[in-house]
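A.B. asks: One file is attached below, final_8.txt, containing compact mmCIF, C-alpha atoms and all ligand atoms.
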```txt
# COMPACT_ATOMS: atom_id res chain seq x y z
CA MET S 428 80.12 296.12 70.59
CA SER S 429 78.36 299.28 71.60
CA THR S 430 74.59 299.15 71.61
CA ILE S 431 74.22 302.93 71.95
CA PRO S 432 72.62 304.46 68.81
CA LYS S 433 75.00 306.55 66.69
CA ALA S 434 72.92 309.70 66.89
CA TYR S 435 72.89 309.54 70.69
CA GLN S 436 76.62 308.87 70.80
CA ARG S 437 77.17 311.98 68.71
CA GLN S 438 75.06 313.98 71.12
CA VAL S 439 77.07 312.69 74.08
CA ASN S 440 80.34 313.48 72.32
CA ASN S 441 79.15 316.98 71.49
CA ALA S 442 78.08 317.52 75.08
CA SER S 443 81.45 316.45 76.44
CA THR S 444 83.48 318.54 74.00
CA ARG S 445 81.24 321.60 74.20
CA LEU S 446 83.13 322.98 77.19
CA GLN S 447 86.59 323.17 75.71
CA VAL S 448 87.98 324.91 78.78
CA PRO S 449 86.20 324.02 82.02
CA PHE S 450 86.09 326.63 84.78
CA HIS S 451 88.10 324.36 87.08
CA ARG S 452 90.05 321.11 86.95
CA ALA S 453 91.59 319.83 90.20
CA PRO S 454 95.33 319.29 89.75
CA VAL S 455 95.49 315.77 91.19
CA GLY S 456 97.60 312.98 89.76
CA GLN S 457 99.38 309.74 90.53
CA GLU S 458 101.09 311.16 93.66
CA GLU S 459 97.70 311.80 95.24
CA VAL S 460 96.35 308.38 94.17
CA ASP S 461 99.42 306.66 95.66
CA ALA S 462 99.26 308.65 98.90
CA VAL S 463 95.59 307.86 99.45
CA SER S 464 96.07 304.17 98.51
CA GLU S 465 98.83 303.87 101.09
CA VAL S 466 96.53 305.17 103.83
CA ILE S 467 93.71 302.83 102.81
CA ARG S 468 96.11 299.85 102.88
CA SER S 469 97.41 300.91 106.32
CA GLY S 470 93.98 300.23 107.80
CA TRP S 471 93.90 303.58 109.72
CA LEU S 472 91.29 305.64 107.90
CA THR S 473 90.19 308.47 110.18
CA MET S 474 92.25 311.11 112.02
CA GLY S 475 95.62 309.66 112.99
CA PRO S 476 99.35 309.85 112.19
CA LYS S 477 98.89 311.30 108.66
CA THR S 478 96.76 314.14 110.03
CA VAL S 479 99.48 314.95 112.58
CA GLU S 480 102.09 314.88 109.81
CA PHE S 481 99.97 317.17 107.60
CA GLU S 482 99.53 319.64 110.47
CA THR S 483 103.27 319.66 111.18
CA GLU S 484 104.19 320.15 107.52
CA PHE S 485 101.52 322.82 107.02
CA ALA S 486 102.68 324.78 110.09
CA ARG S 487 106.26 324.59 108.80
CA TYR S 488 105.22 325.70 105.29
CA ILE S 489 103.33 328.73 106.63
CA GLY S 490 105.83 329.47 109.39
CA VAL S 491 103.35 329.40 112.26
CA LYS S 492 103.45 327.61 115.64
CA HIS S 493 100.18 325.68 115.41
CA ALA S 494 98.10 324.23 112.57
CA VAL S 495 94.95 322.27 113.46
CA ALA S 496 93.33 320.21 110.68
CA VAL S 497 89.54 320.13 110.45
CA SER S 498 86.77 318.97 108.09
CA SER S 499 86.28 322.30 106.26
CA CYS S 500 87.05 326.01 106.32
CA THR S 501 83.51 326.51 107.61
CA ALA S 502 84.41 324.33 110.62
CA ALA S 503 87.72 326.21 110.97
CA LEU S 504 85.93 329.59 111.10
CA HIS S 505 83.33 328.28 113.55
CA LEU S 506 86.00 326.88 115.89
CA ALA S 507 88.03 330.09 115.63
CA LEU S 508 85.03 332.24 116.64
CA GLU S 509 84.28 329.80 119.47
CA ALA S 510 87.89 329.97 120.65
CA VAL S 511 87.84 333.77 120.99
CA GLY S 512 84.57 333.51 122.93
CA VAL S 513 81.98 334.99 120.55
CA ARG S 514 78.61 334.73 122.30
CA PRO S 515 74.89 335.34 121.64
CA GLY S 516 74.27 339.07 121.15
CA ASP S 517 77.77 339.77 119.83
CA GLU S 518 78.37 341.24 116.38
CA VAL S 519 81.01 340.16 113.88
CA LEU S 520 82.04 342.23 110.84
CA VAL S 521 82.05 340.29 107.54
CA PRO S 522 82.41 341.63 103.97
CA THR S 523 79.25 341.25 101.89
CA THR S 524 81.36 340.04 98.94
CA THR S 525 82.10 336.50 100.14
CA PHE S 526 80.74 332.98 100.29
CA THR S 527 77.92 332.48 102.79
CA ALA S 528 80.14 330.32 105.05
CA THR S 529 82.03 333.41 106.30
CA ALA S 530 78.85 334.94 107.77
CA GLU S 531 76.87 331.76 108.47
CA VAL S 532 79.36 330.60 111.14
CA VAL S 533 78.64 333.76 113.14
CA THR S 534 75.01 332.64 113.50
CA TYR S 535 76.16 329.19 114.79
CA LEU S 536 77.17 331.00 118.00
CA GLY S 537 73.98 333.04 118.22
CA ALA S 538 75.87 336.16 117.18
CA ARG S 539 74.99 338.57 114.38
CA PRO S 540 76.95 338.93 111.12
CA VAL S 541 77.26 342.65 110.33
CA LEU S 542 77.97 343.08 106.65
CA VAL S 543 80.56 345.56 105.37
CA ASP S 544 81.09 347.00 101.88
CA VAL S 545 84.26 346.30 99.88
CA GLU S 546 86.96 348.38 98.17
CA GLU S 547 86.27 348.86 94.48
CA LYS S 548 89.78 347.98 93.32
CA THR S 549 90.41 344.74 95.25
CA LEU S 550 86.91 343.67 96.34
CA ASN S 551 88.39 343.24 99.82
CA LEU S 552 86.71 344.48 103.02
CA ASP S 553 86.73 348.30 103.16
CA PRO S 554 88.30 349.26 106.53
CA ALA S 555 86.57 352.67 106.58
CA ASP S 556 83.15 351.06 106.16
CA ALA S 557 84.04 348.49 108.84
CA VAL S 558 84.67 351.33 111.31
CA ARG S 559 81.33 352.94 110.42
CA ARG S 560 79.45 349.70 111.12
CA THR S 561 81.11 349.00 114.48
CA THR S 562 78.95 349.19 117.64
CA PRO S 563 79.67 348.49 121.34
CA ARG S 564 78.60 344.87 120.64
CA THR S 565 81.19 344.26 117.87
CA ARG S 566 83.60 341.52 118.99
CA ALA S 567 85.46 340.39 115.87
CA VAL S 568 86.15 341.01 112.19
CA ILE S 569 86.62 338.35 109.49
CA PRO S 570 88.58 339.81 106.56
CA VAL S 571 88.40 337.65 103.40
CA HIS S 572 91.38 337.76 101.03
CA PHE S 573 89.25 337.96 97.91
CA GLY S 574 90.53 335.84 95.03
CA GLY S 575 93.79 335.33 96.93
CA GLN S 576 95.02 338.95 97.20
CA PRO S 577 95.47 339.84 100.88
CA CYS S 578 93.39 342.57 102.52
CA GLU S 579 94.83 345.84 103.83
CA MET S 580 95.93 344.02 107.02
CA ALA S 581 97.93 346.87 108.57
CA ARG S 582 94.80 349.05 108.62
CA ILE S 583 92.59 346.17 109.81
CA HIS S 584 94.96 345.41 112.72
CA GLU S 585 95.13 349.10 113.59
CA LEU S 586 91.36 349.53 113.77
CA SER S 587 90.95 346.20 115.60
CA ALA S 588 93.45 347.29 118.24
CA GLU S 589 91.61 350.62 118.63
CA LEU S 590 88.19 348.99 118.87
CA GLY S 591 89.26 345.87 120.78
CA LEU S 592 88.25 343.37 118.07
CA HIS S 593 89.52 339.86 117.44
CA VAL S 594 90.82 339.33 113.88
CA ILE S 595 90.03 335.98 112.27
CA GLU S 596 91.18 335.79 108.66
CA ASP S 597 89.16 333.85 106.09
CA ALA S 598 92.07 332.59 103.98
CA ALA S 599 89.97 330.17 101.91
CA HIS S 600 91.40 331.79 98.74
CA SER S 601 94.89 332.72 99.85
CA LEU S 602 97.16 329.69 100.11
CA PRO S 603 99.88 330.70 99.59
CA ALA S 604 99.87 334.50 99.74
CA THR S 605 101.97 337.17 101.42
CA TYR S 606 101.40 340.63 102.87
CA HIS S 607 104.45 342.89 103.36
CA GLY S 608 106.56 339.74 102.91
CA ALA S 609 104.82 337.68 105.64
CA ASN S 610 102.78 334.58 104.84
CA ILE S 611 99.02 334.71 105.24
CA GLY S 612 98.37 332.46 108.24
CA THR S 613 100.98 334.19 110.43
CA LEU S 614 99.50 337.69 110.72
CA SER S 615 96.42 337.51 112.94
CA GLU S 616 95.12 335.82 116.07
CA LEU S 617 93.60 333.02 113.98
CA THR S 618 93.45 332.15 110.26
CA ALA S 619 91.16 329.65 108.50
CA PHE S 620 92.10 327.84 105.25
CA SER S 621 89.92 325.75 102.90
CA PHE S 622 90.86 322.54 101.09
CA TYR S 623 87.55 322.29 99.22
CA ALA S 624 87.71 320.68 95.75
CA THR S 625 88.12 323.97 93.85
CA LYS S 626 90.59 325.68 96.20
CA THR S 627 94.34 326.06 95.63
CA LEU S 628 95.16 323.01 97.76
CA THR S 629 92.51 320.30 97.94
CA THR S 630 91.76 317.34 100.15
CA GLY S 631 88.28 316.98 98.55
CA GLU S 632 86.81 318.61 101.65
CA GLY S 633 88.95 319.94 104.49
CA GLY S 634 90.29 322.95 106.33
CA MET S 635 92.98 324.19 108.69
CA VAL S 636 93.25 326.74 111.50
CA THR S 637 96.62 328.40 112.09
CA THR S 638 97.60 330.37 115.20
CA ASP S 639 100.59 331.24 117.34
CA ASN S 640 98.39 331.18 120.45
CA PRO S 641 98.81 327.82 122.29
CA GLY S 642 95.55 328.32 124.21
CA HIS S 643 93.53 328.75 121.02
CA ALA S 644 95.24 325.74 119.40
CA GLU S 645 94.47 323.55 122.43
CA ARG S 646 90.84 324.69 122.57
CA ILE S 647 90.32 324.01 118.85
CA ARG S 648 91.97 320.55 119.09
CA ILE S 649 89.52 319.62 121.84
CA MET S 650 86.42 321.16 120.26
CA ARG S 651 87.00 319.60 116.81
CA LEU S 652 86.49 316.12 118.29
CA HIS S 653 83.53 316.09 120.69
CA GLY S 654 85.24 318.10 123.42
CA ILE S 655 87.28 315.04 124.36
CA GLY S 656 90.72 315.57 125.98
CA ARG S 657 93.80 315.99 123.85
CA ASP S 658 94.82 313.25 121.39
CA ALA S 659 91.57 311.39 121.86
CA TRP S 660 92.14 309.66 118.51
CA ARG S 661 95.11 307.81 119.97
CA ARG S 662 92.83 305.67 122.10
CA TYR S 663 92.53 303.15 119.23
CA SER S 664 96.28 303.01 118.55
CA ALA S 665 98.61 300.30 119.90
CA THR S 666 99.91 302.55 122.68
CA GLY S 667 96.57 304.25 123.40
CA SER S 668 94.32 303.75 126.38
CA TRP S 669 90.56 303.13 126.39
CA TYR S 670 90.13 305.93 128.94
CA TYR S 671 89.02 309.43 127.94
CA GLN S 672 87.27 312.43 129.42
CA VAL S 673 84.66 314.67 127.84
CA LEU S 674 85.55 318.25 128.79
CA GLU S 675 83.04 320.19 126.69
CA ALA S 676 80.12 319.73 124.30
CA GLY S 677 82.29 319.82 121.17
CA PHE S 678 81.79 319.15 117.47
CA LYS S 679 82.56 316.41 114.94
CA TYR S 680 84.93 318.47 112.80
CA ASN S 681 88.06 316.30 112.56
CA MET S 682 89.99 315.65 109.35
CA THR S 683 90.64 312.03 108.23
CA ASP S 684 94.00 310.45 107.33
CA ILE S 685 92.70 309.87 103.80
CA GLN S 686 92.25 313.63 103.39
CA ALA S 687 95.56 314.38 105.14
CA ALA S 688 97.49 312.08 102.76
CA LEU S 689 95.96 313.94 99.82
CA GLY S 690 96.85 317.23 101.50
CA LEU S 691 100.49 316.22 102.08
CA ALA S 692 100.88 315.30 98.39
CA GLN S 693 99.30 318.64 97.39
CA LEU S 694 101.36 320.68 99.86
CA ARG S 695 104.59 319.57 98.13
CA LYS S 696 103.29 321.14 94.90
CA CYS S 697 101.67 324.19 96.51
CA SER S 698 104.33 326.83 95.66
CA GLY S 699 104.84 325.42 92.17
CA MET S 700 101.11 325.53 91.50
CA ARG S 701 100.99 329.16 92.62
CA SER S 702 103.74 330.05 90.12
CA GLN S 703 101.75 328.35 87.37
CA ARG S 704 98.58 330.30 88.27
CA ARG S 705 100.53 333.56 88.47
CA GLN S 706 101.94 332.88 85.01
CA ILE S 707 98.41 332.39 83.63
CA ALA S 708 97.26 335.61 85.31
CA MET S 709 100.15 337.55 83.77
CA GLN S 710 99.29 336.14 80.33
CA TYR S 711 95.63 337.09 80.69
CA THR S 712 96.45 340.61 81.86
CA ALA S 713 99.03 341.21 79.14
CA ALA S 714 96.56 340.11 76.47
CA LEU S 715 93.34 341.65 77.82
CA GLU S 716 94.24 344.88 79.63
CA GLY S 717 94.39 346.76 76.33
CA LEU S 718 90.75 346.00 75.53
CA LYS S 719 88.61 349.06 76.28
CA GLU S 720 85.62 346.87 77.24
CA LEU S 721 87.50 345.22 80.15
CA GLU S 722 89.32 345.92 83.41
CA ALA S 723 92.02 343.48 84.51
CA PRO S 724 92.45 342.76 88.25
CA THR S 725 94.22 345.43 90.32
CA VAL S 726 97.47 344.11 91.77
CA ARG S 727 98.88 345.79 94.90
CA ASP S 728 102.66 345.69 94.99
CA ASP S 729 103.04 345.29 98.78
CA ARG S 730 101.41 341.83 98.71
CA GLU S 731 101.40 338.64 96.66
CA SER S 732 98.21 336.90 95.61
CA SER S 733 97.74 333.14 95.49
CA TRP S 734 95.84 333.79 92.23
CA HIS S 735 92.99 331.52 93.27
CA LEU S 736 90.70 333.59 91.06
CA TYR S 737 91.20 335.80 88.01
CA VAL S 738 88.30 338.28 88.16
CA LEU S 739 87.63 340.45 85.11
CA ARG S 740 85.42 343.53 85.34
CA LEU S 741 83.36 344.45 82.27
CA ARG S 742 82.95 348.10 81.29
CA THR S 743 79.29 347.58 80.60
CA ASP S 744 78.96 351.15 79.26
CA ARG S 745 81.25 350.11 76.40
CA LEU S 746 79.39 346.86 75.70
CA THR S 747 75.97 346.21 74.16
CA ILE S 748 75.45 343.12 76.37
CA THR S 749 75.20 342.49 80.10
CA ARG S 750 77.59 340.41 82.23
CA ASP S 751 75.11 337.51 82.15
CA ASP S 752 74.99 337.61 78.33
CA PHE S 753 78.79 337.85 78.24
CA ILE S 754 79.00 334.66 80.33
CA SER S 755 76.50 332.91 78.01
CA ALA S 756 78.51 333.97 74.95
CA LEU S 757 81.69 332.51 76.50
CA ARG S 758 79.86 329.32 77.41
CA GLN S 759 78.53 328.91 73.87
CA ARG S 760 82.12 329.01 72.65
CA GLY S 761 83.27 326.45 75.20
CA ILE S 762 84.69 328.61 77.99
CA GLY S 763 83.50 327.91 81.54
CA THR S 764 83.39 330.88 83.92
CA SER S 765 81.87 331.71 87.30
CA VAL S 766 80.86 334.75 89.39
CA HIS S 767 82.43 335.57 92.78
CA PHE S 768 80.32 336.46 94.64
CA ILE S 769 76.62 337.30 94.72
CA PRO S 770 76.85 339.75 97.67
CA LEU S 771 75.39 338.23 100.83
CA HIS S 772 72.94 341.11 101.35
CA LEU S 773 71.16 340.20 98.10
CA HIS S 774 70.29 336.68 99.33
CA PRO S 775 66.85 335.98 100.86
CA TYR S 776 68.27 334.64 104.15
CA TYR S 777 70.30 337.77 104.94
CA GLN S 778 67.44 340.04 103.86
CA ASN S 779 64.74 338.19 105.82
CA THR S 780 66.81 337.65 108.96
CA PHE S 781 68.82 340.87 109.26
CA GLY S 782 66.81 343.31 107.16
CA TYR S 783 69.45 343.95 104.50
CA ARG S 784 68.21 345.32 101.18
CA ALA S 785 69.48 345.87 97.66
CA GLY S 786 71.27 349.22 97.66
CA ASP S 787 72.81 348.81 101.14
CA PHE S 788 76.34 348.14 99.83
CA PRO S 789 76.73 350.13 96.59
CA VAL S 790 80.32 349.18 95.73
CA ALA S 791 79.81 345.44 96.19
CA GLU S 792 76.62 345.56 94.12
CA LYS S 793 78.04 347.60 91.27
CA GLU S 794 81.12 345.39 90.97
CA TYR S 795 79.06 342.18 91.28
CA GLU S 796 77.02 343.20 88.25
CA ARG S 797 80.07 343.48 86.03
CA CYS S 798 82.46 340.79 87.27
CA LEU S 799 83.26 337.30 86.07
CA SER S 800 85.97 334.78 86.95
CA LEU S 801 88.03 333.17 84.17
CA PRO S 802 89.51 329.64 84.35
CA ILE S 803 92.86 329.62 86.22
CA TYR S 804 94.40 326.36 87.39
CA PRO S 805 97.92 324.95 87.24
CA ASP S 806 97.49 322.32 84.55
CA MET S 807 95.83 324.60 81.98
CA THR S 808 97.58 324.08 78.66
CA GLN S 809 98.96 326.96 76.56
CA GLU S 810 96.27 326.09 74.02
CA GLU S 811 93.55 326.47 76.65
CA ILE S 812 94.95 329.79 77.88
CA ARG S 813 95.17 331.10 74.31
CA ARG S 814 91.63 329.92 73.59
CA VAL S 815 90.25 331.79 76.64
CA ILE S 816 92.02 334.98 75.53
CA GLU S 817 90.82 334.56 71.94
CA VAL S 818 87.17 333.97 72.89
CA VAL S 819 87.06 336.84 75.44
CA SER S 820 88.56 339.19 72.82
CA GLU S 821 86.09 338.03 70.16
CA VAL S 822 83.07 338.54 72.41
CA CYS S 823 84.29 342.05 73.33
CA GLU S 824 84.81 342.96 69.70
CA GLU S 825 81.44 341.62 68.57
CA HIS S 826 79.52 343.48 71.28
CA SER S 827 81.51 346.69 71.52
CA VAL S 828 79.42 349.88 71.41
C1 LIG P 901 85.15 328.10 99.93
C2 LIG P 901 85.00 329.20 100.89
C3 LIG P 901 84.70 328.99 102.25
C4 LIG P 901 84.25 327.66 102.78
O1 LIG P 901 85.20 326.65 102.65
P1 LIG P 901 84.77 325.15 102.96
O2 LIG P 901 86.09 324.44 103.11
O3 LIG P 901 83.98 324.66 101.79
O4 LIG P 901 83.99 325.15 104.22
C5 LIG P 901 84.75 330.07 103.11
N1 LIG P 901 85.02 331.31 102.68
C6 LIG P 901 85.30 331.57 101.39
C7 LIG P 901 85.62 332.98 100.97
C8 LIG P 901 85.27 330.53 100.44
O5 LIG P 901 85.50 330.80 99.15
```
Show this structure as C-alpha cells.
C.D. replies:
Amino acid sequence: MSTIPKAYQRQVNNASTRLQVPFHRAPVGQEEVDAVSEVIRSGWLTMGPKTVEFETEFARYIGVKHAVAVSSCTAALHLALEAVGVRPGDEVLVPTTTFTATAEVVTYLGARPVLVDVEEKTLNLDPADAVRRTTPRTRAVIPVHFGGQPCEMARIHELSAELGLHVIEDAAHSLPATYHGANIGTLSELTAFSFYATKTLTTGEGGMVTTDNPGHAERIRIMRLHGIGRDAWRRYSATGSWYYQVLEAGFKYNMTDIQAALGLAQLRKCSGMRSQRRQIAMQYTAALEGLKELEAPTVRDDRESSWHLYVLRLRTDRLTITRDDFISALRQRGIGTSVHFIPLHLHPYYQNTFGYRAGDFPVAEKEYERCLSLPIYPDMTQEEIRRVIEVVSEVCEEHSV
C-alpha cells in the first residue's frame, strides 16, 4: 500500500508527464546491459582486453590505422595537442561557437586559445576569419564539426599547409560523418571523438583519438596512462610482468573495459542510428522549412552529417517573441530543447582571461540569439516526432507578426 498522499502523487505524475518529448534519451538497451554485465562478471574492470577490442573495431569502422581510447573527448583533445608539441606561448585557433572543452584544453598546455568566428550557414569555423587571426605564434587549429556536419576541410587543410599549422579535429558531434566521401577521423593529423552520455555513441563518459601517424598513437598511448611504457595495463594479466618504466609525467586518462563493452555494443548500431537520426531530420525539414518564421539547417551536398543536432534558426523579425520565450513556450507544451552553443567569448572566463568582449564575433552572436536545438535521437517514436512538429508550428503561428 502506498503511503504517499494522493495530491502529491498527482503532482509527481504531472511532473513526469509534463515533458512529453525529452531533449535527449540515450539509445541503450539489453545489448548494452548484457555487454557490461559480462565485463563485470569477468573480474577485469579497468582498461584491458575489451578496450583493445573497442579500439580495433573503432579503427576498422572509421578506416584509420590507430584508435586510442581515453576517458573523454576533452582528454583526447588534450593528448592530441600534447602529441603535436603545443607549448606555453603558442596560440591555437578555436571557433567561438563550441563547448568550452575545445578551448579549455589549449590552456592545459599553457597556450592561448584564439577564438574565430563561424560561417552563418553551417556555424562551422570560418576559414577566412581563421587566417585573419593567425600570428607567428599560431601552432594549430581545432575545427569543430558543428552538429555533425563536417567543416570546409579542404580549405582548412590548404590554409594549415600554407601557415604551417597542425590540424586537430574536434569530432565530438560527427560520428559517423563524411567529407567528400571520406570518413571523419581519417582526414587530419589527429581527430578526437566523444562518447559522452548525449553524443551519437555513448560509453557514459569516454573518448577516442584517431590518427594514421604511428608516433602520435604511441605517444598518446603512453601519456594516457601515467607516462608508463606501452601496454602497462598488461602487468596485472596472467602473462604480464610486475616490471614497468615511467617514461614521462603522463595523465590518468585511460578508458575502462566497462566503458569499452558499452562502446562495442553501441558501435554495432552506429550506422543504423545515424540513418534513424537522418530520417528524423528530413521529416523536420520537410514539415518546417515552409514556415516563414523559421530557417531549417543548411545541408552541404559534398558532405554527410551525423545529425547529432538539429538546429533551427528563428526569424525573430517575423516573430513577436524572443528565442528564450520560444523555448519556454515549447517547454510548456512538453517539448525539451537546448541551445548550442553560448559563444565562448560571451563567458566570464574567456572575457576576464583573454579580453574578449560581446561584439567581437558578430556572426556567432547573431546566430546564437536565434538558434535552438530540437530533440533528435534514434528511438524517437513517430508520435514524438509529429508532436515536436505540431508544437513548433503552433508556437510560430501564435506568435507570428
Ligand atoms: C561534448 C563536447 C566535447 C567534450 O566531450 P567530453 O567527452 O565530454 O569531454 C568537446 N567538444 C564538443 C564540441 C562537444 O560537444
A.B. asks: Quick one: 8 Å padding each side, axis-aligned, all listed atoms of ligand LIG 901 (chain P) - centre and edge lengths in Å to one decimal, as JSON?
C.D. replies:
```
{"center_x": 85.0, "center_y": 328.7, "center_z": 101.7, "size_x": 18.1, "size_y": 24.5, "size_z": 21.1}
```
A.B. asks: Could you give me, as an mmCIF file with C-alpha atoms, in the frame of the given file, the residues within 8 Å of Ala688 (chain S), counting all atoms listed in the file and dropping anything in the same chain fewer than 6 positions from it?
C.D. replies:
```
data_model
loop_
_atom_site.group_PDB
_atom_site.id
_atom_site.type_symbol
_atom_site.label_atom_id
_atom_site.label_comp_id
_atom_site.auth_asym_id
_atom_site.auth_seq_id
_atom_site.Cartn_x
_atom_site.Cartn_y
_atom_site.Cartn_z
ATOM 1 C CA GLU S 459 97.700 311.800 95.240
ATOM 2 C CA ALA S 462 99.260 308.650 98.900
ATOM 3 C CA VAL S 463 95.590 307.860 99.450
ATOM 4 C CA VAL S 466 96.530 305.170 103.830
ATOM 5 C CA LYS S 477 98.890 311.300 108.660
ATOM 6 C CA THR S 478 96.760 314.140 110.030
ATOM 7 C CA PHE S 481 99.970 317.170 107.600
#
```
A.B. asks: Which residue is closest to Glu792 (chain S)? Choose from S:Val519, S:Leu614, S:Val543, S:Ile748 and count all atoms listed in the file.
C.D. replies: S:Val543
A.B. asks: Once you count all atoms listed in the file, which residues end up within 8 Å of ligand LIG 901 (chain P), and could you hand them over as an mmCIF file with C-alpha atoms, in the frame of the given file?
C.D. replies:
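The result, written out as selection-v1.cif:
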```cif
data_model
loop_
_atom_site.group_PDB
_atom_site.id
_atom_site.type_symbol
_atom_site.label_atom_id
_atom_site.label_comp_id
_atom_site.auth_asym_id
_atom_site.auth_seq_id
_atom_site.Cartn_x
_atom_site.Cartn_y
_atom_site.Cartn_z
ATOM 1 C CA SER S 498 86.770 318.970 108.090
ATOM 2 C CA SER S 499 86.280 322.300 106.260
ATOM 3 C CA CYS S 500 87.050 326.010 106.320
ATOM 4 C CA THR S 501 83.510 326.510 107.610
ATOM 5 C CA ALA S 502 84.410 324.330 110.620
ATOM 6 C CA ALA S 503 87.720 326.210 110.970
ATOM 7 C CA THR S 525 82.100 336.500 100.140
ATOM 8 C CA PHE S 526 80.740 332.980 100.290
ATOM 9 C CA THR S 527 77.920 332.480 102.790
ATOM 10 C CA ALA S 528 80.140 330.320 105.050
ATOM 11 C CA THR S 529 82.030 333.410 106.300
ATOM 12 C CA VAL S 571 88.400 337.650 103.400
ATOM 13 C CA HIS S 572 91.380 337.760 101.030
ATOM 14 C CA PHE S 573 89.250 337.960 97.910
ATOM 15 C CA ASP S 597 89.160 333.850 106.090
ATOM 16 C CA ALA S 598 92.070 332.590 103.980
ATOM 17 C CA ALA S 599 89.970 330.170 101.910
ATOM 18 C CA HIS S 600 91.400 331.790 98.740
ATOM 19 C CA PHE S 620 92.100 327.840 105.250
ATOM 20 C CA SER S 621 89.920 325.750 102.900
ATOM 21 C CA PHE S 622 90.860 322.540 101.090
ATOM 22 C CA TYR S 623 87.550 322.290 99.220
ATOM 23 C CA THR S 625 88.120 323.970 93.850
ATOM 24 C CA LYS S 626 90.590 325.680 96.200
ATOM 25 C CA GLU S 632 86.810 318.610 101.650
ATOM 26 C CA GLY S 633 88.950 319.940 104.490
ATOM 27 C CA GLY S 634 90.290 322.950 106.330
#
```
A.B. asks: Ranking S:Gly490, S:Gly761, S:Pro805, S:Gly612 by minimum distance to Val594 (chain S) and counting only C-alpha atoms, which one comes first?
C.D. replies: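 With only C-alpha atoms as the atom set, the closest residue is S:Gly612.
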A.B. asks: Could you check which of S:Gly782, S:Val819, S:Tyr663, S:Ala496 is closest to Gln759 (chain S), using only C-alpha atoms?
C.D. replies: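 Between S:Gly782, S:Val819, S:Tyr663, S:Ala496, the residue approaching Gln759 (chain S) most closely is S:Val819.
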A.B. asks: So how many Å separate CA of Leu736 (chain S) and CA of Ala567 (chain S), to one decimal?
C.D. replies: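 Computing it gives 26.3 Å between the two atoms.
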A.B. asks: Mind checking which residues fall within 12 Å of Phe753 (chain S), counting all atoms listed in the file, ignoring those fewer than 4 positions away in the same chain, and posting them as a PDB file with C-alpha atoms, in the frame of the given file?
C.D. replies:
```pdb
ATOM      1  CA  GLU S 720      85.620 346.870  77.240  1.00  0.00           C
ATOM      2  CA  LEU S 721      87.500 345.220  80.150  1.00  0.00           C
ATOM      3  CA  LEU S 739      87.630 340.450  85.110  1.00  0.00           C
ATOM      4  CA  ARG S 740      85.420 343.530  85.340  1.00  0.00           C
ATOM      5  CA  LEU S 741      83.360 344.450  82.270  1.00  0.00           C
ATOM      6  CA  ARG S 742      82.950 348.100  81.290  1.00  0.00           C
ATOM      7  CA  THR S 743      79.290 347.580  80.600  1.00  0.00           C
ATOM      8  CA  LEU S 746      79.390 346.860  75.700  1.00  0.00           C
ATOM      9  CA  THR S 747      75.970 346.210  74.160  1.00  0.00           C
ATOM     10  CA  ILE S 748      75.450 343.120  76.370  1.00  0.00           C
ATOM     11  CA  THR S 749      75.200 342.490  80.100  1.00  0.00           C
ATOM     12  CA  LEU S 757      81.690 332.510  76.500  1.00  0.00           C
ATOM     13  CA  ARG S 758      79.860 329.320  77.410  1.00  0.00           C
ATOM     14  CA  GLN S 759      78.530 328.910  73.870  1.00  0.00           C
ATOM     15  CA  ARG S 760      82.120 329.010  72.650  1.00  0.00           C
ATOM     16  CA  ILE S 762      84.690 328.610  77.990  1.00  0.00           C
ATOM     17  CA  GLY S 763      83.500 327.910  81.540  1.00  0.00           C
ATOM     18  CA  THR S 764      83.390 330.880  83.920  1.00  0.00           C
ATOM     19  CA  SER S 765      81.870 331.710  87.300  1.00  0.00           C
ATOM     20  CA  VAL S 766      80.860 334.750  89.390  1.00  0.00           C
ATOM     21  CA  GLU S 796      77.020 343.200  88.250  1.00  0.00           C
ATOM     22  CA  ARG S 797      80.070 343.480  86.030  1.00  0.00           C
ATOM     23  CA  CYS S 798      82.460 340.790  87.270  1.00  0.00           C
ATOM     24  CA  LEU S 799      83.260 337.300  86.070  1.00  0.00           C
ATOM     25  CA  SER S 800      85.970 334.780  86.950  1.00  0.00           C
ATOM     26  CA  LEU S 801      88.030 333.170  84.170  1.00  0.00           C
ATOM     27  CA  VAL S 818      87.170 333.970  72.890  1.00  0.00           C
ATOM     28  CA  VAL S 819      87.060 336.840  75.440  1.00  0.00           C
ATOM     29  CA  SER S 820      88.560 339.190  72.820  1.00  0.00           C
ATOM     30  CA  GLU S 821      86.090 338.030  70.160  1.00  0.00           C
ATOM     31  CA  VAL S 822      83.070 338.540  72.410  1.00  0.00           C
ATOM     32  CA  CYS S 823      84.290 342.050  73.330  1.00  0.00           C
ATOM     33  CA  GLU S 824      84.810 342.960  69.700  1.00  0.00           C
ATOM     34  CA  GLU S 825      81.440 341.620  68.570  1.00  0.00           C
ATOM     35  CA  HIS S 826      79.520 343.480  71.280  1.00  0.00           C
ATOM     36  CA  SER S 827      81.510 346.690  71.520  1.00  0.00           C
TER      37      SER S 827
END
```
A.B. asks: Need to verify the contact set: Leu536 (chain S), 10 Å, all atoms listed in the file, exclusion of same-chain residues closer than 5 positions in sequence. Can you return it as number ranges by chain?
C.D. replies: S: 505-506, 508-509, 512-517, 531
A.B. asks: Please produce, as a tab-separated table, a per-residue contact table for region 665-740 of chain S versus region 546-564 of chain S (criterion: any atom at most 8 Å away, all atoms listed in the file considered), showing the nearest atom pair and its distance in Å to one decimal, sorted by chain then residue number.
C.D. replies:
```
residue	atom	partner	partner_atom	distance
S:Pro724	CA	S:Thr549	CA	7.6
S:Thr725	CA	S:Lys548	CA	5.9
S:Val726	CA	S:Thr549	CA	7.9
```
A.B. asks: How far is it from CA of His772 (chain S) to CA of Ile595 (chain S), in Å with one decimal?
C.D. replies: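 Between CA of His772 (chain S) and CA of Ile595 (chain S) the gap is 20.9 Å.
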